[in-house]
Amino acid sequence: MTLSAQQPQKSPRAVLFDLDGTLLQVEMNSFIPAYVGGLAAHFSDLAPRSRFVDTVISATFALLRDDGDQCTNQQLFLGALQRHLGIAPEEFGRRFENYLDDGLHGLAPLIEPLGLARDILALCFERDWTVVIATNPVFPRQLVEVRLRWGGLDDFPYHLVTSYENTRFCKPHPGYFTDILDGFGLAPEECLMVGNDTEHDLAAGLVGIPTWLVDTWLIDRLGGAYQSDYRGDHQNLLTFLQQV
């Protein structure tokens, strides 16, 4: 375990947790194509499969680059589908619900629970900390919730779960983190961001939030451009949280 020169003098008021690769095991390079491919089957009468898949993936990644603050990520995503495919938001919502009902279960084998995640989360709630599932909000809330369920983590009373309905920015945009801080009236130094992505999660440091890099399933996008305040595996993280 690698720590900064000095341990925090007091415990955080809030802990922000990334989801995929941090609280559950999932290979997103397999999950995303499987999800989008399954979704495409419910729109086959409206758009060719390849065009639908390309548009959804392009619209999703565009959210990561968006720098505006006037629309939610959901509005941006659905607007792109309406412009490029002629699919109205209401129609997308109806067919997405059908996908949830009869096709999404096929993705469950791609998600594996992480035993220590429950211990880590339970400790945070025992300490009465604010707990945020700070997953990158490019998906509908239902898709985040089902991943929590498959990971055995859906029974905790999270204070916030970010999804494309309730956010204006995505990680690593600083606005993603400041919106969370403002929503709870928190100062950056009162929080801890926990994640496995050296860009998306460690970007919390840009607004002054201390960061813990979980290196069990490390995603290193920037080659160390952002430095974490703390680093270690899940057992190290649990021990750290027990001691602050």
# chains A, B, ... in the order shown; residues from 1 in each chain; ligands from 1

$ residues_around --residues "segment 78-83 of chain A" --least-positions-apart "4" --cutoff "9 Å" --atoms "only C-alpha atoms" --output "list in words"
Phe52, Thr55, Val56, Ala59, Asn73, Gln74, Ile87, Ala88, Pro89 and Phe92 of chain A

$ residues_around --residues "Ala225 of chain A" --least-positions-apart "4" --cutoff "10 Å" --atoms "only C-alpha atoms" --output "ChimeraX atom specification"
/A:198-199,202-203,220-221

$ closest_atom_pairs --of "segment 181-204 of chain A" --to "segment 151-164 of chain A" --cutoff "12 Å" --atoms "only C-alpha atoms" --output "tab-separated table"
residue	atom	partner	partner_atom	distance
A:Leu181	CA	A:Leu160	CA	11.5
A:Gly183	CA	A:Leu160	CA	9.7
A:Phe184	CA	A:His159	CA	9.4

$ residues_around --residues "Val131 of chain A" --least-positions-apart "5" --cutoff "12 Å" --atoms "only C-alpha atoms" --output "count of residues only"
27

$ select_by_dssp --residues "segment 51-225 of chain A" --states "strand (DSSP E)" --output "PyMOL selection string"
chain A and resi 111-113+130-133+160-161+191-195+211-214

$ atom_distance --atom1 "atom CA of Gln235 of chain A" --atom2 "atom CA of Glu145 of chain A"
24.9 Å
